[in-house]
Amino acid sequence: MDNLTALFISYVLYALICVQMRCTLSLVTMVLFEGRRQRRVLLECSNNAISAMLHSAPSLLPGPSRRCWMRVRNKDWWERIVLKQFSDDEWREHFRMTRRSFDKLCGLMEGIMSPQDVTVRAPVPLQMRIAIVLYKLASCAEYRVVANQFGVHKSTVKKFVYCFCKGMVSSVIHCIIKMPTAEEARAIATRFEQKYNIPQIIGFIDGTHIPVLPPSDGFKDFVNLKGWPSYVLQAVVDDMCRFWDIDCKMPGCTQEAQVLKQSPLYGQIHQLPKEPREINGTTVNLFLLGGLAYPLTDWLIKGYPPSLHITPEQNSFNVCLSAARTTVETAFSRLKSRWKVLLRRNDFHYTFTPHVIATCCALHNFCENEKEHISPAWAEEAKVLERGLPQPSGQPYTTSECSGGQKIRLALTEYLKTNFSSTLVTSSYQL
C-alpha cells in the first residue's frame with residue numbers, strides 16, 4: 001500500500017511539473033512573440049516617417065555642395081570707364097543720349113527703378129540699372145552679353161528690363177506721349193501748314209510692323225502679309241517727328257483700319273481739340289492725315305485713290321499729302337535706328353513685347369525733346385536689318401466713306417488750287 005501511495009504521489013508531482021513547464025514555455029513564447037510584434041510595429045512607423053520626410057522635404061537629403069555663395073563680377077567698365085571717361089559721343093553711341101539727358105531720365109525713373117533700402121547684398125545703383133536697360137534696348141544684345149558687359153548676372157539684366165518697361169508704361173509714358181492741348185494743337189497745325197501748305201493738320205497717322213516671337217498655338221494670327229510674325233505699331237506723329245498717340249497690341253495679321261477701330265484713339269477722338277476754321281466756305285476742324293488704308297472721316301483725311309480720271313488738282317492734293325507722310329516715315333526711322341530691339345525677333349515673351357515697343361516710343365520722344373541727334377551709322381545699320389523683314393503695304397480701305405470727310409477734302413483741294421497752284425509740282429502719289 002505504501003508503495004502504491006508513493007507511486008501516486010510521484011505521478012501527481014510529475015504531472016504538476018509538466019503543467020508548470022508547459023505554462024512557463026507558453027509564457028516565454030508569448031513574451032518573445034509580443035516583442036517581435038512590437039519591434040515590427042516600431043519598424044513600420046520608422047519607415048513611414050522616413051518616407052514622409054523624403055517626400056515632403058527632399059532638400060534634407062545630402063546634395064552637391066555649393067561652390068560659392070556669390071560670384072565676384074567685374075564692374076570696371078561701368079564704374080571706371082563709362083562714369084569717369086566717356087565723352088558725350090560715347091554716351092550717345094552706347095545709350096542713345098548724352099550724360100546730361102541720361103541723368104534727367106534717371107530722375108524720371110527714380111521712383112520706379114531705385115534700389116530697396118534694405119537688401120542682403122550691395123544693391124545695383126540707380127544709374128547702372130537704367131544704363132543696363134538702355135544698352136539692351138539699343139543693341140538688342142542677349143541678356144548674357146549685357147550681363148558680362150556690366151558685371152552682373154543675366155537674370156539681373158532681365159529683371160531690370162522688365163521693371164523699367166512696366167514702370168514706364170504704367171506711369172511715366174503718360175507724361176511723354178499724350179494728346180496735345182488746344183494751344184499745342186494750334187502750334188502743330190501752324191507748323192504743318194508752313195511746311196506742306198495744308199491747314200488744320202495736327203498729326204499724321206500710320207503703322208509699322210515690329211517683329212515678335214509668337215506663341216506656337218497662335219502663330220498664324222501674328223503673321224503679316226509679308227509672311228513674318230509681328231505686332232502692328234499704330235502711331236500719330238506731329239510735325240517734329242514726336243508721337244502723341246500710340247497703340248501696339250494688335251497682331252500682324254490685322255489691317256490698319258481695324259487696328260484704328262480697336263485702338264483707344266478711336267474712342268477718344270471726340271477729345272481732340274477742334275479749333276474750327278472756315279476754308280472755302282466749309283468749316284474744317286483740326287484733323288489727322290492718313291494713308292489709303294484708313295477710312296475717310298471728318299477727323300481723318302486721306303488722299304484720292306489712284307484713278308485714270310483723277311484731276312490735276314486732286315493729284316496736287318495727293319502730292320502734298322505724300323510730302324507730309326515723310327514726317328511719320330522719319331519718326332519710324334529714327335525710332336528703329338535708336339532702338340535696335342525693334343528690328344529683331346528678341347527673347348521677350350510675346351505678351352511683354354508691347355511693353356517694350358511702347359517704352360521705345362517713349363524714349364524716342366524723350367530723345368527728340370532733348371535734341372539728341374541720330375547717328376548716320378545707326379540709320380544705315382537699321383536699313384540693313386529692315387531688308388530682312390520687309391514692311392507689308394497697307395490694303396486700301398474700300399468701304400463707303402463719310403460724306404463729311406469728302407466735303408472737307410474737296411474744300412482743302414480747292415484751297416490748294418486757289419492759293420498754291422503756281423508752286424505745286426505734280427508727281428506720282430505714293431501712300
# chains A, B, ... in the order shown; residues from 1 in each chain; ligands from 1
call {"tool": "residues_around", "arguments": {"residues": "A:Glu381", "least_positions_apart": "4", "cutoff": "12 Å", "atoms": "only C-alpha atoms", "output": "PyMOL selection string"}}
result
chain A and resi 138-139+333-334+336-340+343+374-377+385-388
call {"tool": "write_last_selection", "arguments": {"atoms": "all heavy atoms", "output": "short mmCIF file (atom, residue, chain, number, x, y, z; two decimals), in the first residue's frame"}}
result
data_model
loop_
_atom_site.label_atom_id
_atom_site.label_comp_id
_atom_site.auth_asym_id
_atom_site.auth_seq_id
_atom_site.Cartn_x
_atom_site.Cartn_y
_atom_site.Cartn_z
N ALA A 138 19.08 99.40 -77.01
CA ALA A 138 19.80 100.00 -78.13
C ALA A 138 20.56 98.97 -78.96
O ALA A 138 20.69 99.13 -80.18
CB ALA A 138 20.77 101.06 -77.62
N SER A 139 21.04 97.91 -78.33
CA SER A 139 21.88 96.95 -79.03
C SER A 139 21.17 95.65 -79.39
O SER A 139 21.62 94.93 -80.28
CB SER A 139 23.10 96.61 -78.16
OG SER A 139 22.69 95.96 -76.97
N SER A 333 11.72 105.78 -88.70
CA SER A 333 13.13 105.52 -88.99
C SER A 333 14.01 105.87 -87.81
O SER A 333 14.91 105.11 -87.43
CB SER A 333 13.56 106.31 -90.23
OG SER A 333 14.94 106.15 -90.48
N ARG A 334 13.76 107.01 -87.20
CA ARG A 334 14.55 107.40 -86.02
C ARG A 334 14.31 106.47 -84.86
O ARG A 334 15.24 106.12 -84.11
CB ARG A 334 14.21 108.84 -85.63
CG ARG A 334 14.67 109.90 -86.62
CD ARG A 334 14.31 111.29 -86.11
NE ARG A 334 14.72 112.33 -87.06
CZ ARG A 334 14.52 113.61 -86.87
NH1 ARG A 334 13.90 114.05 -85.78
NH2 ARG A 334 14.92 114.49 -87.77
N LYS A 336 13.51 103.26 -84.88
CA LYS A 336 14.18 101.97 -85.06
C LYS A 336 15.70 102.11 -85.13
O LYS A 336 16.42 101.17 -84.78
CB LYS A 336 13.65 101.30 -86.33
CG LYS A 336 12.17 100.95 -86.25
CD LYS A 336 11.66 100.35 -87.55
CE LYS A 336 10.19 100.03 -87.48
NZ LYS A 336 9.66 99.46 -88.74
N SER A 337 16.18 103.26 -85.59
CA SER A 337 17.62 103.48 -85.61
C SER A 337 18.19 103.57 -84.20
O SER A 337 19.29 103.09 -83.93
CB SER A 337 17.95 104.76 -86.39
OG SER A 337 17.57 104.65 -87.74
N ARG A 338 17.44 104.19 -83.31
CA ARG A 338 17.90 104.32 -81.92
C ARG A 338 17.81 102.98 -81.19
O ARG A 338 18.72 102.58 -80.48
CB ARG A 338 17.05 105.35 -81.18
CG ARG A 338 17.39 106.79 -81.47
CD ARG A 338 16.68 107.71 -80.47
NE ARG A 338 17.09 109.10 -80.67
CZ ARG A 338 16.36 110.03 -81.24
NH1 ARG A 338 15.14 109.72 -81.70
NH2 ARG A 338 16.81 111.26 -81.37
N TRP A 339 16.69 102.29 -81.35
CA TRP A 339 16.40 101.13 -80.52
C TRP A 339 16.34 99.89 -81.41
O TRP A 339 15.30 99.53 -81.95
CB TRP A 339 15.11 101.34 -79.74
CG TRP A 339 15.08 102.68 -79.07
CD1 TRP A 339 14.27 103.73 -79.37
CD2 TRP A 339 15.94 103.14 -78.02
NE1 TRP A 339 14.56 104.81 -78.57
CE2 TRP A 339 15.57 104.48 -77.73
CE3 TRP A 339 16.98 102.55 -77.29
CZ2 TRP A 339 16.23 105.23 -76.74
CZ3 TRP A 339 17.62 103.29 -76.31
CH2 TRP A 339 17.24 104.61 -76.03
N LYS A 340 17.47 99.23 -81.57
CA LYS A 340 17.60 98.08 -82.47
C LYS A 340 16.74 96.89 -82.02
O LYS A 340 16.50 95.97 -82.80
CB LYS A 340 19.06 97.64 -82.54
CG LYS A 340 20.01 98.67 -83.11
CD LYS A 340 19.78 98.88 -84.59
CE LYS A 340 20.87 99.72 -85.23
NZ LYS A 340 21.00 101.06 -84.66
N LEU A 343 14.00 95.82 -84.29
CA LEU A 343 14.31 95.34 -85.64
C LEU A 343 14.63 93.85 -85.67
O LEU A 343 14.92 93.32 -86.74
CB LEU A 343 15.51 96.12 -86.21
CG LEU A 343 15.22 97.58 -86.57
CD1 LEU A 343 16.52 98.31 -86.91
CD2 LEU A 343 14.25 97.67 -87.74
N ILE A 374 20.47 111.72 -84.36
CA ILE A 374 20.65 110.34 -84.83
C ILE A 374 21.98 110.22 -85.57
O ILE A 374 22.29 111.03 -86.45
CB ILE A 374 19.50 109.92 -85.76
CG1 ILE A 374 18.19 109.90 -84.98
CG2 ILE A 374 19.76 108.55 -86.38
CD1 ILE A 374 18.06 108.78 -83.99
N SER A 375 22.75 109.21 -85.25
CA SER A 375 24.00 108.97 -85.98
C SER A 375 23.68 108.34 -87.34
O SER A 375 22.86 107.42 -87.43
CB SER A 375 24.90 108.03 -85.18
OG SER A 375 25.99 107.59 -85.96
N PRO A 376 24.31 108.81 -88.42
CA PRO A 376 24.09 108.18 -89.74
C PRO A 376 24.42 106.69 -89.73
O PRO A 376 23.79 105.92 -90.46
CB PRO A 376 25.04 108.96 -90.66
CG PRO A 376 25.23 110.29 -89.98
CD PRO A 376 25.19 110.00 -88.51
N ALA A 377 25.37 106.29 -88.90
CA ALA A 377 25.73 104.87 -88.84
C ALA A 377 24.57 104.04 -88.29
O ALA A 377 24.34 102.91 -88.74
CB ALA A 377 26.97 104.68 -87.96
N LEU A 385 19.13 95.90 -91.46
CA LEU A 385 18.31 94.96 -90.70
C LEU A 385 16.89 94.90 -91.23
O LEU A 385 16.27 93.83 -91.25
CB LEU A 385 18.29 95.37 -89.22
CG LEU A 385 19.62 95.24 -88.47
CD1 LEU A 385 19.51 95.82 -87.07
CD2 LEU A 385 20.06 93.78 -88.39
N GLU A 386 16.36 96.03 -91.69
CA GLU A 386 14.99 96.06 -92.20
C GLU A 386 14.84 95.30 -93.51
O GLU A 386 13.73 94.88 -93.84
CB GLU A 386 14.52 97.50 -92.36
CG GLU A 386 14.06 98.14 -91.07
CD GLU A 386 13.25 99.40 -91.30
OE1 GLU A 386 13.82 100.37 -91.82
OE2 GLU A 386 12.05 99.41 -90.96
N ARG A 387 15.92 95.17 -94.26
CA ARG A 387 15.81 94.41 -95.52
C ARG A 387 15.42 92.97 -95.27
O ARG A 387 14.79 92.33 -96.12
CB ARG A 387 17.14 94.47 -96.27
CG ARG A 387 17.51 95.87 -96.78
CD ARG A 387 18.67 95.82 -97.73
NE ARG A 387 19.18 97.15 -97.99
CZ ARG A 387 20.38 97.59 -97.64
NH1 ARG A 387 21.22 96.75 -97.02
NH2 ARG A 387 20.77 98.82 -97.90
N GLY A 388 15.80 92.42 -94.13
CA GLY A 388 15.44 91.04 -93.81
C GLY A 388 14.00 90.88 -93.39
O GLY A 388 13.47 89.76 -93.41
#
call {"tool": "select_by_dssp", "arguments": {"residues": "stretch 212-344 of chain A", "states": "strand (DSSP E)", "output": "PyMOL selection string"}}
result
chain A and resi 230-237+243-251+277-279+282-284+287-290+300-302
call {"tool": "write_last_selection", "arguments": {"atoms": "C-alpha atoms", "output": "mmCIF file, in the first residue's frame"}}
result
data_model
loop_
_atom_site.group_PDB
_atom_site.id
_atom_site.type_symbol
_atom_site.label_atom_id
_atom_site.label_comp_id
_atom_site.auth_asym_id
_atom_site.auth_seq_id
_atom_site.Cartn_x
_atom_site.Cartn_y
_atom_site.Cartn_z
ATOM 1 C CA SER A 230 4.767 90.922 -85.884
ATOM 2 C CA TYR A 231 2.832 93.417 -83.828
ATOM 3 C CA VAL A 232 1.319 96.457 -85.552
ATOM 4 C CA LEU A 233 2.519 99.744 -84.079
ATOM 5 C CA GLN A 234 -0.014 102.473 -84.887
ATOM 6 C CA ALA A 235 1.257 105.980 -84.161
ATOM 7 C CA VAL A 236 0.168 109.577 -84.617
ATOM 8 C CA VAL A 237 3.141 111.862 -85.265
ATOM 9 C CA PHE A 243 4.495 110.527 -81.128
ATOM 10 C CA TRP A 244 1.438 111.863 -79.346
ATOM 11 C CA ASP A 245 -0.575 108.639 -79.559
ATOM 12 C CA ILE A 246 0.464 105.001 -79.980
ATOM 13 C CA ASP A 247 -1.156 101.567 -79.958
ATOM 14 C CA CYS A 248 0.855 98.348 -80.247
ATOM 15 C CA LYS A 249 -1.367 95.497 -79.068
ATOM 16 C CA MET A 250 -2.769 94.143 -82.356
ATOM 17 C CA PRO A 251 -1.096 91.155 -84.090
ATOM 18 C CA ARG A 277 -11.604 127.306 -89.394
ATOM 19 C CA GLU A 278 -13.562 128.421 -92.447
ATOM 20 C CA ILE A 279 -11.907 127.088 -95.632
ATOM 21 C CA THR A 282 -16.579 124.829 -95.302
ATOM 22 C CA THR A 283 -15.999 124.635 -91.563
ATOM 23 C CA VAL A 284 -12.933 122.477 -91.020
ATOM 24 C CA PHE A 287 -7.826 116.655 -88.298
ATOM 25 C CA LEU A 288 -5.369 113.814 -88.890
ATOM 26 C CA LEU A 289 -3.824 112.821 -92.199
ATOM 27 C CA GLY A 290 -3.645 109.165 -93.138
ATOM 28 C CA LEU A 300 -9.162 111.757 -90.672
ATOM 29 C CA ILE A 301 -8.421 112.919 -94.206
ATOM 30 C CA LYS A 302 -6.666 110.817 -96.817
#
call {"tool": "closest_residue", "arguments": {"among": "A:Leu410, A:Ala187, A:Val146, A:Val384", "to": "A:Tyr304", "atoms": "only C-alpha atoms"}}
result
A:Leu410
call {"tool": "atom_distance", "arguments": {"atom1": "atom CA of A:Cys402", "atom2": "atom CA of A:Lys178"}}
result
27.1 Å
call {"tool": "atom_distance", "arguments": {"atom1": "atom CA of A:Met168", "atom2": "atom CA of A:Thr359"}}
result
6.2 Å
call {"tool": "select_by_dssp", "arguments": {"residues": "stretch 116-243 of chain A", "states": "alpha helix (DSSP H)", "output": "ChimeraX atom specification"}}
result
/A:126-139,143-150,154-167,173-176,182-196,219-222
call {"tool": "residues_around", "arguments": {"residues": "stretch 215-218 of chain A", "least_positions_apart": "6", "cutoff": "12 Å", "atoms": "only C-alpha atoms", "output": "PDB file with N, CA, C and O atoms, in the first residue's frame"}}
result
ATOM      1  N   PRO A 229       6.057  87.056 -88.417  1.00  0.00           N
ATOM      2  CA  PRO A 229       5.205  87.424 -87.272  1.00  0.00           C
ATOM      3  C   PRO A 229       5.556  88.804 -86.714  1.00  0.00           C
ATOM      4  O   PRO A 229       6.737  89.155 -86.608  1.00  0.00           O
ATOM      5  N   SER A 230       4.526  89.548 -86.333  1.00  0.00           N
ATOM      6  CA  SER A 230       4.767  90.922 -85.884  1.00  0.00           C
ATOM      7  C   SER A 230       3.607  91.433 -85.050  1.00  0.00           C
ATOM      8  O   SER A 230       2.532  90.828 -84.995  1.00  0.00           O
ATOM      9  N   PRO A 251      -2.038  92.022 -83.364  1.00  0.00           N
ATOM     10  CA  PRO A 251      -1.096  91.155 -84.090  1.00  0.00           C
ATOM     11  C   PRO A 251      -0.982  91.527 -85.560  1.00  0.00           C
ATOM     12  O   PRO A 251      -1.812  92.252 -86.114  1.00  0.00           O
ATOM     13  N   GLY A 252       0.063  91.017 -86.199  1.00  0.00           N
ATOM     14  CA  GLY A 252       0.432  91.450 -87.545  1.00  0.00           C
ATOM     15  C   GLY A 252      -0.582  91.177 -88.629  1.00  0.00           C
ATOM     16  O   GLY A 252      -0.532  91.808 -89.688  1.00  0.00           O
ATOM     17  N   CYS A 253      -1.522  90.257 -88.428  1.00  0.00           N
ATOM     18  CA  CYS A 253      -2.499  89.960 -89.479  1.00  0.00           C
ATOM     19  C   CYS A 253      -3.597  91.023 -89.567  1.00  0.00           C
ATOM     20  O   CYS A 253      -4.392  91.014 -90.504  1.00  0.00           O
ATOM     21  N   PHE A 348      12.078  88.343 -75.689  1.00  0.00           N
ATOM     22  CA  PHE A 348      10.982  88.708 -74.788  1.00  0.00           C
ATOM     23  C   PHE A 348       9.775  87.805 -75.040  1.00  0.00           C
ATOM     24  O   PHE A 348       9.538  87.383 -76.170  1.00  0.00           O
ATOM     25  N   HIS A 349       9.002  87.557 -73.993  1.00  0.00           N
ATOM     26  CA  HIS A 349       7.739  86.846 -74.164  1.00  0.00           C
ATOM     27  C   HIS A 349       6.795  87.715 -74.994  1.00  0.00           C
ATOM     28  O   HIS A 349       6.790  88.944 -74.862  1.00  0.00           O
ATOM     29  N   TYR A 350       5.994  87.081 -75.820  1.00  0.00           N
ATOM     30  CA  TYR A 350       5.161  87.854 -76.743  1.00  0.00           C
ATOM     31  C   TYR A 350       4.169  88.762 -76.021  1.00  0.00           C
ATOM     32  O   TYR A 350       3.786  89.809 -76.542  1.00  0.00           O
ATOM     33  N   THR A 351       3.764  88.398 -74.811  1.00  0.00           N
ATOM     34  CA  THR A 351       2.848  89.265 -74.057  1.00  0.00           C
ATOM     35  C   THR A 351       3.559  90.492 -73.494  1.00  0.00           C
ATOM     36  O   THR A 351       2.902  91.486 -73.151  1.00  0.00           O
TER      37      THR A 351
END
call {"tool": "residues_around", "arguments": {"residues": "A:Leu260", "least_positions_apart": "2", "cutoff": "10 Å", "atoms": "only C-alpha atoms", "output": "list in words"}}
result
Ile205, Asp206, Gly207, Gln234, Ala235, Asp247, Met250, Thr254, Gln255, Glu256, Ala257, Gln258, Gln262, Ser263, Pro264, Leu265, Tyr266, Gly267, Tyr294 and Pro295 of chain A
call {"tool": "closest_residue", "arguments": {"among": "A:Glu142, A:Glu275, A:Asp347, A:Asp298", "to": "A:Glu401", "atoms": "only C-alpha atoms"}}
result
A:Asp298
call {"tool": "closest_residue", "arguments": {"among": "A:His270, A:Arg242, A:His94, A:Lys371", "to": "A:Thr330", "atoms": "only C-alpha atoms"}}
result
A:Arg242
call {"tool": "closest_atom_pairs", "arguments": {"of": "stretch 163-188 of chain A", "to": "stretch 149-158 of chain A", "cutoff": "12 Å", "atoms": "only C-alpha atoms", "output": "JSON lines"}}
result
{"residue": "A:Cys163", "atom": "CA", "partner": "A:Lys158", "partner_atom": "CA", "distance": 8.5}
{"residue": "A:Phe164", "atom": "CA", "partner": "A:Lys158", "partner_atom": "CA", "distance": 9.9}
{"residue": "A:Cys165", "atom": "CA", "partner": "A:Lys158", "partner_atom": "CA", "distance": 10.7}
call {"tool": "residues_around", "arguments": {"residues": "A:Arg129", "least_positions_apart": "3", "cutoff": "9 Å", "atoms": "only C-alpha atoms", "output": "list of chain:residue names"}}
result
A:Met113, A:Ser114, A:Val124, A:Pro125, A:Leu126, A:Ile132, A:Val133, A:Leu134, A:Val157, A:Phe160, A:Val161, A:Phe164
call {"tool": "write_last_selection", "arguments": {"atoms": "all heavy atoms", "output": "compact mmCIF listing (two decimals), in the first residue's frame"}}
result
# COMPACT_ATOMS: atom_id res chain seq x y z
N MET A 113 12.78 102.66 -60.40
CA MET A 113 13.98 101.83 -60.52
C MET A 113 14.94 101.94 -59.33
O MET A 113 15.95 101.24 -59.31
CB MET A 113 14.74 102.23 -61.79
CG MET A 113 14.00 101.98 -63.08
SD MET A 113 13.76 100.21 -63.40
CE MET A 113 15.43 99.68 -63.73
N SER A 114 14.66 102.79 -58.36
CA SER A 114 15.59 102.93 -57.23
C SER A 114 15.68 101.62 -56.45
O SER A 114 14.68 100.93 -56.26
CB SER A 114 15.12 104.04 -56.30
OG SER A 114 15.25 105.30 -56.91
N VAL A 124 22.47 97.27 -56.80
CA VAL A 124 22.96 97.90 -58.02
C VAL A 124 22.45 99.34 -58.05
O VAL A 124 21.25 99.57 -57.86
CB VAL A 124 22.48 97.14 -59.27
CG1 VAL A 124 22.94 97.84 -60.54
CG2 VAL A 124 22.97 95.71 -59.23
N PRO A 125 23.31 100.33 -58.25
CA PRO A 125 22.87 101.73 -58.21
C PRO A 125 21.85 102.05 -59.30
O PRO A 125 21.76 101.37 -60.33
CB PRO A 125 24.17 102.52 -58.42
CG PRO A 125 25.28 101.57 -58.12
CD PRO A 125 24.76 100.21 -58.46
N LEU A 126 21.06 103.10 -59.05
CA LEU A 126 20.00 103.52 -59.99
C LEU A 126 20.56 103.79 -61.38
O LEU A 126 20.00 103.33 -62.39
CB LEU A 126 19.31 104.77 -59.45
CG LEU A 126 18.33 105.47 -60.40
CD1 LEU A 126 17.13 104.58 -60.69
CD2 LEU A 126 17.88 106.81 -59.81
N ILE A 132 21.85 99.71 -67.97
CA ILE A 132 21.70 98.33 -68.44
C ILE A 132 20.51 98.20 -69.37
O ILE A 132 20.58 97.57 -70.43
CB ILE A 132 21.56 97.38 -67.23
CG1 ILE A 132 22.90 97.22 -66.51
CG2 ILE A 132 21.03 96.01 -67.66
CD1 ILE A 132 22.82 96.45 -65.20
N VAL A 133 19.39 98.83 -69.01
CA VAL A 133 18.18 98.76 -69.84
C VAL A 133 18.40 99.45 -71.18
O VAL A 133 18.07 98.90 -72.25
CB VAL A 133 16.98 99.39 -69.10
CG1 VAL A 133 15.74 99.38 -69.99
CG2 VAL A 133 16.70 98.64 -67.81
N LEU A 134 18.97 100.65 -71.17
CA LEU A 134 19.19 101.38 -72.42
C LEU A 134 20.16 100.62 -73.32
O LEU A 134 19.98 100.58 -74.55
CB LEU A 134 19.74 102.77 -72.10
CG LEU A 134 18.81 103.72 -71.33
CD1 LEU A 134 19.48 105.07 -71.12
CD2 LEU A 134 17.48 103.89 -72.05
N VAL A 157 19.80 91.45 -65.40
CA VAL A 157 19.50 92.26 -66.59
C VAL A 157 18.03 92.13 -66.95
O VAL A 157 17.34 93.13 -67.18
CB VAL A 157 20.39 91.83 -67.77
CG1 VAL A 157 20.01 92.61 -69.03
CG2 VAL A 157 21.86 92.04 -67.45
N PHE A 160 15.75 94.03 -64.52
CA PHE A 160 15.76 95.48 -64.70
C PHE A 160 14.99 95.90 -65.95
O PHE A 160 14.28 96.91 -65.95
CB PHE A 160 17.21 95.99 -64.78
CG PHE A 160 17.96 95.90 -63.48
CD1 PHE A 160 19.34 95.92 -63.46
CD2 PHE A 160 17.29 95.78 -62.28
CE1 PHE A 160 20.04 95.84 -62.26
CE2 PHE A 160 17.98 95.69 -61.07
CZ PHE A 160 19.36 95.72 -61.07
N VAL A 161 15.12 95.13 -67.04
CA VAL A 161 14.41 95.46 -68.27
C VAL A 161 12.90 95.38 -68.04
O VAL A 161 12.14 96.28 -68.44
CB VAL A 161 14.84 94.52 -69.42
CG1 VAL A 161 13.93 94.70 -70.63
CG2 VAL A 161 16.29 94.78 -69.81
N PHE A 164 11.76 98.28 -65.73
CA PHE A 164 11.80 99.58 -66.41
C PHE A 164 10.62 99.73 -67.37
O PHE A 164 9.92 100.74 -67.36
CB PHE A 164 13.12 99.71 -67.16
CG PHE A 164 13.34 101.05 -67.81
CD1 PHE A 164 14.06 102.05 -67.17
CD2 PHE A 164 12.85 101.31 -69.08
CE1 PHE A 164 14.27 103.28 -67.77
CE2 PHE A 164 13.05 102.53 -69.69
CZ PHE A 164 13.75 103.52 -69.03
call {"tool": "closest_residue", "arguments": {"among": "A:Thr353, A:Thr190, A:Asn280, A:Gln268", "to": "A:Gly203", "atoms": "only C-alpha atoms"}}
result
A:Thr190
call {"tool": "atom_distance", "arguments": {"atom1": "atom CA of A:Leu296", "atom2": "atom CA of A:Ala411"}}
result
14.2 Å
